[in-house]
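Chemist: Take this structure first; my questions come after.
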Amino acid sequence: MMKNCIPLAIAVLFCLSSCKKETGNLNTSIIGKWYEDKLVLHTSLATGGSHDTTFTAEAFTKYDYYQFTSDKKAVFSQSGIYGYAGKAAIFSLEGLDNGASRYTWSIADSTLTLNKTDWNPSTEYAGTTYSEQAIVQLDANHLVLRTLYFNPSPFNYTTTSYFTKGN
């Protein structure tokens, strides 16, 4: 009986160790400038219903990006506020990132943590609290982030942001 359990135990340990996510590659792969080209807003209502809105590449400008540096600093810039009624543009002068917020960043497993160091209140979502920001995909050319927000009742919402690496 014991002889039969040893190979099973080894197989289970091998599977568990292979499931561990490696964050070292994520920490180096995320460095660079990532331009947003798609955004999906999903709201779950307390009544059980839901609502989705998708913004495609045409809604974004060169001012919609994340930039991550090797010294663990990040800039998140938006050319507007994206909501269910559409995009509300921010007054912007050419060459000025009016919607830019600055952060320090870290990655643990597949969770990206951003700590604000300086932000633009005009692009903050009033009354929201970040709960989780997950890296759904990160490769040489694509970054997909999913953020779950908890608002006061009656709803919660999730954003899924799609980015393409720039030069």
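Letters A, B, ... mark the chains of the structure tokens in the order given; residue numbers begin at 1 per chain; ligand numbers begin at 1, in order shown.
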Residues near Gln133 (chain A), anyone? I mean within 7 Å using only C-alpha atoms, not counting same-chain ones fewer than 4 positions away, as a ChimeraX atom specification.
Modeler: /A:111-113,145-148
Chemist: Print the selection's residues with C-alpha atoms to a file, as a PDB file, in the first residue's frame.
Modeler:
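Printed below is out28.pdb as written:
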ATOM      1  CA  THR A 111      -1.506  41.070  -8.795  1.00  0.00           C
ATOM      2  CA  LEU A 112      -0.299  44.542  -9.736  1.00  0.00           C
ATOM      3  CA  THR A 113      -0.247  46.966  -6.806  1.00  0.00           C
ATOM      4  CA  LEU A 145      -5.400  44.332 -16.556  1.00  0.00           C
ATOM      5  CA  ARG A 146      -8.627  43.550 -14.721  1.00  0.00           C
ATOM      6  CA  THR A 147      -9.657  45.798 -11.860  1.00  0.00           C
ATOM      7  CA  LEU A 148     -12.543  45.040  -9.524  1.00  0.00           C
TER       8      LEU A 148
END
Chemist: Within 8 Å of region 156-160 of chain A, counting only C-alpha atoms, which residues qualify if same-chain residues fewer than 6 places away don't, as an MDAnalysis selection string?
Modeler: chainID A and resid 39:45 144:150
Chemist: Given the selection you just returned, output its residues as a file containing C-alpha atoms, formatted as a PDB file, in the first residue's frame.
Modeler:
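Contents of result.pdb, freshly written:
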ATOM      1  CA  LEU A  39     -11.657  48.935 -22.359  1.00  0.00           C
ATOM      2  CA  VAL A  40     -14.573  46.828 -21.156  1.00  0.00           C
ATOM      3  CA  LEU A  41     -16.729  48.113 -18.273  1.00  0.00           C
ATOM      4  CA  HIS A  42     -18.896  45.528 -16.527  1.00  0.00           C
ATOM      5  CA  THR A  43     -21.400  46.365 -13.788  1.00  0.00           C
ATOM      6  CA  SER A  44     -23.086  43.804 -11.579  1.00  0.00           C
ATOM      7  CA  LEU A  45     -26.241  45.143  -9.979  1.00  0.00           C
ATOM      8  CA  VAL A 144      -4.405  43.042 -20.003  1.00  0.00           C
ATOM      9  CA  LEU A 145      -5.400  44.332 -16.556  1.00  0.00           C
ATOM     10  CA  ARG A 146      -8.627  43.550 -14.721  1.00  0.00           C
ATOM     11  CA  THR A 147      -9.657  45.798 -11.860  1.00  0.00           C
ATOM     12  CA  LEU A 148     -12.543  45.040  -9.524  1.00  0.00           C
ATOM     13  CA  TYR A 149     -14.030  48.123  -7.880  1.00  0.00           C
ATOM     14  CA  PHE A 150     -16.351  48.097  -4.902  1.00  0.00           C
TER      15      PHE A 150
END
Chemist: Looking at A:Leu114, A:Leu26, A:Ala100, A:Ile81, which one is nearest to Asp139 (chain A), with distances taken over only C-alpha atoms?
Modeler: A:Leu26
